[in-house]
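S.K.: Structure supplied as my_file_13.txt; contents: compact mmCIF, C-alpha atoms.
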# COMPACT_ATOMS: atom_id res chain seq x y z
CA MET A 25 119.94 117.51 259.95
CA MET A 26 121.75 115.32 262.44
CA VAL A 27 124.73 117.00 264.07
CA ASP A 28 128.11 115.33 264.47
CA GLY A 29 127.97 112.64 267.13
CA ASN A 30 131.46 113.39 268.46
CA THR A 31 130.41 116.96 269.25
CA HIS A 32 126.95 116.49 270.72
CA GLY A 33 126.82 112.80 271.59
CA PHE A 34 124.45 111.82 268.76
CA ASP A 35 125.08 109.08 266.24
CA GLY A 36 123.35 107.96 263.08
CA ASP A 37 122.93 108.40 259.34
CA PRO A 38 121.48 111.87 258.58
CA HIS A 39 120.08 110.48 255.31
CA GLN A 40 118.23 107.56 256.91
CA THR A 41 114.51 107.60 256.11
CA VAL A 42 111.69 106.77 258.49
CA ALA A 43 111.08 103.62 256.43
CA ALA A 44 114.68 102.44 256.80
CA TYR A 45 114.70 103.16 260.52
CA LEU A 46 111.40 101.35 261.12
CA ARG A 47 112.59 98.27 259.21
CA ASP A 48 115.76 98.15 261.32
CA TRP A 49 113.71 98.67 264.47
CA LEU A 50 111.39 95.80 263.55
CA ALA A 51 114.34 93.48 262.94
CA GLU A 52 115.59 94.21 266.47
CA LYS A 53 112.15 93.86 268.06
CA GLU A 54 111.56 90.48 266.44
CA LEU A 55 114.28 89.09 268.69
CA VAL A 56 112.66 90.21 271.95
CA LEU A 57 108.90 90.52 271.48
CA LYS A 58 106.21 87.88 271.76
CA PRO A 59 105.27 86.68 268.26
CA THR A 60 101.76 88.11 268.51
CA THR A 61 103.02 91.54 269.61
CA PHE A 62 105.66 91.58 266.87
CA VAL A 63 103.10 90.76 264.18
CA ARG A 64 100.89 93.65 265.34
CA TYR A 65 103.85 96.05 265.19
CA ARG A 66 104.91 94.68 261.81
CA ASP A 67 101.47 95.15 260.28
CA TYR A 68 101.15 98.75 261.46
CA VAL A 69 104.64 99.56 260.19
CA ARG A 70 104.20 97.92 256.78
CA ASN A 71 100.58 98.80 256.08
CA ASP A 72 100.28 102.27 257.63
CA LEU A 73 103.42 104.00 258.84
CA ILE A 74 105.83 103.34 255.98
CA PRO A 75 103.32 104.18 253.21
CA ALA A 76 102.39 107.44 254.95
CA LEU A 77 105.69 108.61 256.51
CA GLY A 78 108.41 106.32 255.16
CA GLY A 79 109.83 108.74 252.59
CA ILE A 80 110.63 111.43 255.18
CA ARG A 81 114.15 111.56 256.59
CA LEU A 82 114.06 110.44 260.20
CA ASP A 83 115.84 113.59 261.38
CA GLU A 84 113.21 115.73 259.64
CA LEU A 85 110.12 113.92 260.95
CA LYS A 86 108.06 116.50 262.79
CA HIS A 87 104.91 116.65 264.86
CA ARG A 88 103.07 118.24 261.92
CA HIS A 89 103.79 115.21 259.70
CA ILE A 90 102.24 112.88 262.26
CA ARG A 91 99.35 115.24 262.89
CA GLY A 92 98.63 115.26 259.15
CA PHE A 93 98.72 111.45 259.12
CA VAL A 94 96.19 111.35 261.94
CA ARG A 95 93.88 113.81 260.16
CA ARG A 96 93.97 111.79 256.93
CA GLN A 97 93.30 108.55 258.76
CA ARG A 98 90.35 110.00 260.66
CA LYS A 99 88.94 111.54 257.46
CA ALA A 100 89.17 108.09 255.83
CA GLY A 101 87.07 106.66 258.67
CA ARG A 102 89.81 104.90 260.63
CA GLY A 103 88.65 103.90 264.09
CA LYS A 104 90.11 105.70 267.09
CA VAL A 105 91.19 102.49 268.83
CA THR A 106 93.06 101.16 265.79
CA LEU A 107 94.64 104.53 265.05
CA ASN A 108 95.69 104.89 268.68
CA ARG A 109 97.48 101.52 268.52
CA CYS A 110 99.16 102.51 265.27
CA LEU A 111 100.44 105.73 266.86
CA ALA A 112 101.56 103.78 269.93
CA THR A 113 103.69 101.61 267.66
CA LEU A 114 105.30 104.67 266.07
CA SER A 115 105.82 106.27 269.48
CA SER A 116 107.54 103.11 270.76
CA ALA A 117 109.88 103.09 267.78
CA LEU A 118 110.76 106.77 268.14
CA THR A 119 111.23 106.46 271.89
CA ASP A 120 113.88 103.84 271.14
CA ALA A 121 115.48 106.27 268.68
CA VAL A 122 115.73 108.85 271.46
CA LYS A 123 117.21 106.29 273.88
CA GLN A 124 119.80 105.37 271.24
CA ARG A 125 120.57 109.09 270.84
CA ARG A 126 119.41 108.89 267.26
CA LEU A 127 116.83 111.64 267.83
CA ARG A 128 116.71 114.54 270.28
CA PHE A 129 113.01 114.09 271.06
CA ASN A 130 110.01 111.97 270.13
CA PRO A 131 107.88 113.86 267.57
CA THR A 132 104.74 111.88 268.50
CA ARG A 133 104.66 113.87 271.74
CA PRO A 134 102.48 115.46 272.94
CA THR A 135 99.93 112.76 272.26
CA MET A 136 97.52 113.70 269.49
CA LEU A 137 94.81 111.19 270.35
CA PRO A 138 93.76 110.49 273.93
CA ARG A 139 93.61 106.83 274.75
CA PRO A 140 90.04 105.63 274.11
CA GLN A 141 88.11 104.65 277.20
CA ALA A 142 87.33 100.97 277.49
CA PRO A 143 83.65 100.26 276.90
CA GLU A 144 81.55 99.40 279.91
CA ARG A 145 81.40 95.66 280.35
CA MET A 146 78.11 93.85 280.76
CA VAL A 147 78.32 91.11 283.40
CA TRP A 148 75.96 88.16 283.33
CA THR A 149 73.89 87.36 286.34
CA ALA A 150 74.13 83.90 287.86
CA GLU A 151 70.81 83.00 286.26
CA GLU A 152 71.98 84.10 282.81
CA THR A 153 75.21 82.13 283.20
CA VAL A 154 73.37 78.95 284.17
CA ARG A 155 70.96 79.36 281.26
CA PHE A 156 73.87 79.81 278.82
CA LEU A 157 75.74 76.76 280.13
CA ASN A 158 72.65 74.56 280.09
CA HIS A 159 72.02 75.49 276.45
CA SER A 160 75.69 74.98 275.55
CA HIS A 161 75.79 71.49 277.05
CA GLN A 162 72.94 70.54 274.71
CA ALA A 163 74.21 72.35 271.61
CA ASP A 164 77.99 71.77 271.85
CA PRO A 165 79.25 69.75 274.86
CA PHE A 166 82.95 70.30 274.17
CA MET A 167 82.52 74.07 273.86
CA ALA A 168 80.38 73.98 276.99
CA ASP A 169 83.23 72.38 278.94
CA LEU A 170 85.60 75.09 277.73
CA CYS A 171 83.13 77.75 278.91
CA GLU A 172 82.75 75.98 282.25
CA VAL A 173 86.50 76.29 282.86
CA ILE A 174 86.65 79.91 281.71
CA ILE A 175 83.69 80.96 283.86
CA GLY A 176 84.74 78.85 286.84
CA THR A 177 88.34 80.11 286.95
CA GLY A 178 88.34 83.57 285.33
CA MET A 179 91.11 82.44 282.98
CA ARG A 180 91.47 83.91 279.51
CA ARG A 181 90.50 81.69 276.59
CA GLY A 182 94.11 81.37 275.39
CA GLU A 183 95.24 80.39 278.89
CA VAL A 184 92.67 77.59 279.05
CA LEU A 185 93.60 76.37 275.57
CA GLY A 186 97.28 76.46 276.52
CA LEU A 187 96.88 74.29 279.62
CA HIS A 188 99.10 71.22 279.95
CA TRP A 189 98.00 68.22 281.98
CA GLU A 190 101.09 68.43 284.17
CA ASP A 191 99.86 71.84 285.34
CA VAL A 192 96.49 70.47 286.49
CA HIS A 193 96.52 68.94 290.00
CA PHE A 194 93.15 67.34 290.61
CA ASP A 195 94.05 65.95 294.05
CA ASP A 196 95.03 69.42 295.29
CA HIS A 197 92.13 71.15 293.49
CA VAL A 198 94.43 73.65 291.76
CA LEU A 199 95.98 74.34 288.39
CA TYR A 200 98.90 76.51 287.33
CA VAL A 201 98.71 79.00 284.44
CA ARG A 202 102.01 78.73 282.60
CA HIS A 203 101.16 79.31 278.92
CA THR A 204 98.69 80.98 276.62
CA LEU A 205 97.81 79.80 273.11
CA SER A 206 97.82 82.55 270.48
CA ALA A 207 97.33 82.74 266.73
CA VAL A 208 99.96 84.50 264.60
CA ASP A 209 98.67 85.91 261.31
CA ASN A 210 95.51 83.84 261.88
CA SER A 211 97.43 80.87 260.52
CA ARG A 212 100.02 79.69 263.06
CA LEU A 213 99.44 78.72 266.68
CA VAL A 214 102.13 79.47 269.26
CA LEU A 215 102.47 78.96 273.01
CA THR A 216 103.73 82.07 274.78
CA ALA A 217 103.79 83.49 278.31
CA PRO A 218 100.49 84.72 279.77
CA LYS A 219 99.42 88.29 279.00
CA THR A 220 100.36 89.69 282.42
CA ARG A 221 102.80 88.64 285.13
CA ALA A 222 99.93 88.25 287.58
CA SER A 223 98.25 85.76 285.23
CA LYS A 224 101.09 83.27 285.72
CA ASN A 225 99.79 81.89 288.97
CA TRP A 226 97.96 79.12 290.84
CA ILE A 227 94.16 78.97 290.52
CA ALA A 228 91.77 76.94 292.66
CA ILE A 229 89.38 74.67 290.75
CA SER A 230 85.94 73.63 291.91
CA PRO A 231 84.49 70.12 291.44
CA ARG A 232 82.48 71.49 288.51
CA VAL A 233 85.60 72.85 286.80
CA ALA A 234 87.45 69.60 287.47
CA ALA A 235 84.60 67.66 285.86
CA ALA A 236 84.71 69.92 282.80
CA LEU A 237 88.48 69.43 282.49
CA ARG A 238 88.15 65.67 282.73
Here is the file; what I need is its structure written in the form of structure tokens.
M.R.:
Amino acid sequence: MMVDGNTHGFDGDPHQTVAAYLRDWLAEKELVLKPTTFVRYRDYVRNDLIPALGGIRLDELKHRHIRGFVRRQRKAGRGKVTLNRCLATLSSALTDAVKQRRLRFNPTRPTMLPRPQAPERMVWTAEETVRFLNHSHQADPFMADLCEVIIGTGMRRGEVLGLHWEDVHFDDHVLYVRHTLSAVDNSRLVLTAPKTRASKNWIAISPRVAAALR
């Protein structure tokens, strides 16, 4: 049970459940997160974490509860990558509880699932790329132009789709990545900042990329 905040510096409702805390946490995160990130957190909280752990009092949530959740999910065939992201969401929420002096420690630690290794990426050869683009220009010219820009600049798909004409400078042979286009709930398109800080940058464009943009 939570001890008196005036004595030990902690504050909070000792009867608050995990579900109640996670709902409050989501309401705060909605104000600061990108819409796509918030939706991912929201779905894990609503569909997985609250049904499995929501009835437990926050102060009584232990490592064994979370370990049991992981075992049940794995037994049900849940993929390691998805489950890892779900646990990361819970860990983020409980880390905030520790920072707010609502909890003494984060019960998701130590980590129960190692972060899955990214699969090895297969890179096309120049010949394969040319063959793909030649076929695309015959089958779907507009999609081919999109692929030309992606391949010729290394930009992410959402960054290309989020380009504004004022950020394309043909005379200087450069463009500036300022936005990315994302889908929220697979139903609403939003313009947000690029995925990483390094992505928001100037990129040189070749004559072939410029032709595709035009």
S.K.: Within 9 Å of range 39-46 of chain A, which residues of range 107-138 of chain A show up? Give each one with its shortest atom-to-atom distance in Å (one decimal) and the two atoms involved, counting all atoms listed in the file, rows by chain then rising residue number, as CSV.
M.R.:
residue,atom,partner,partner_atom,distance
A:Leu114,CA,A:Leu46,CA,8.5
A:Ala117,CA,A:Leu46,CA,7.0
A:Leu118,CA,A:Leu46,CA,8.9
A:Ala121,CA,A:Tyr45,CA,8.8
S.K.: Quick check, in Å to one decimal: how far apart do CA of Ala150 in chain A and CA of Leu170 in chain A lie?
M.R.: 17.7 Å
S.K.: Report as a ChimeraX atom specification all protein, DNA and RNA residues lying within 8 Å of range 196-212 of chain A, evaluated on all atoms listed in the file, omitting residues in the same chain fewer than 4 positions from it.
M.R.: /A:59-60,63,182-187,191-192,216-219,223-231,234
S.K.: Report as a list in words all protein, DNA and RNA residues lying within 12 Å of Arg109 in chain A, evaluated on all atoms listed in the file, omitting residues in the same chain fewer than 5 positions from it.
M.R.: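 Selected residues are Thr61, Arg64, Tyr65, Asp67, Tyr68, Val69, Asp72, Leu73, Val94, Arg102, Gly103, Lys104, Leu114, Ser115, Ser116, Leu137, Pro138, Arg139 and Pro140 of chain A.
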S.K.: May I have the residues within 12 Å of Val154 in chain A as a PyMOL selection string, using only C-alpha atoms and disregarding those fewer than 4 positions away in the same chain?
M.R.: chain A and resi 148-150+158-161+168+171-172+175-176
S.K.: Mind giving me the straight-line distance from CA of Val122 in chain A to CA of Thr135 in chain A in Å, one decimal?
M.R.: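 Straight-line distance from CA of Val122 in chain A to CA of Thr135 in chain A works out to 16.3 Å.
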S.K.: Can you pull out the residues contacting Ala76 in chain A? Cut-off 10 Å, using only C-alpha atoms, and skip same-chain residues under 2 positions away; I want them as a PyMOL selection string.
M.R.: chain A and resi 42-43+69-74+78-80+89-90+92-93+96-97
S.K.: By how many Å are CA of Leu107 in chain A and CA of Asp48 in chain A apart?
M.R.: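 These two atoms are separated by 22.4 Å.
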S.K.: Nearest residue to Arg128 in chain A out of A:Met179, A:Leu215, A:Leu82, A:Leu77, using all atoms listed in the file?
M.R.: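 Answer, going by the shortest atom-to-atom distance: A:Leu82.
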S.K.: Which residue gives the smallest distance to Asn108 in chain A among A:Glu84, A:Gln141, A:Arg181, A:Asp195, with all atoms listed in the file counted?
M.R.: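 Among A:Glu84, A:Gln141, A:Arg181, A:Asp195, it is A:Gln141 that comes nearest to Asn108 in chain A.
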S.K.: From the options A:Phe62, A:Trp189, A:Phe194, A:Phe156, which residue's atoms come nearest to Trp49 in chain A, counting all atoms listed in the file?
M.R.: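 Under the stated criterion, the closest residue is A:Phe62.
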S.K.: From the options A:Ile174, A:Val105, A:Phe166, A:Cys110, which residue's atoms come nearest to Pro143 in chain A, counting all atoms listed in the file?
M.R.: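 Of the candidates, the smallest distance to Pro143 in chain A is held by A:Val105.
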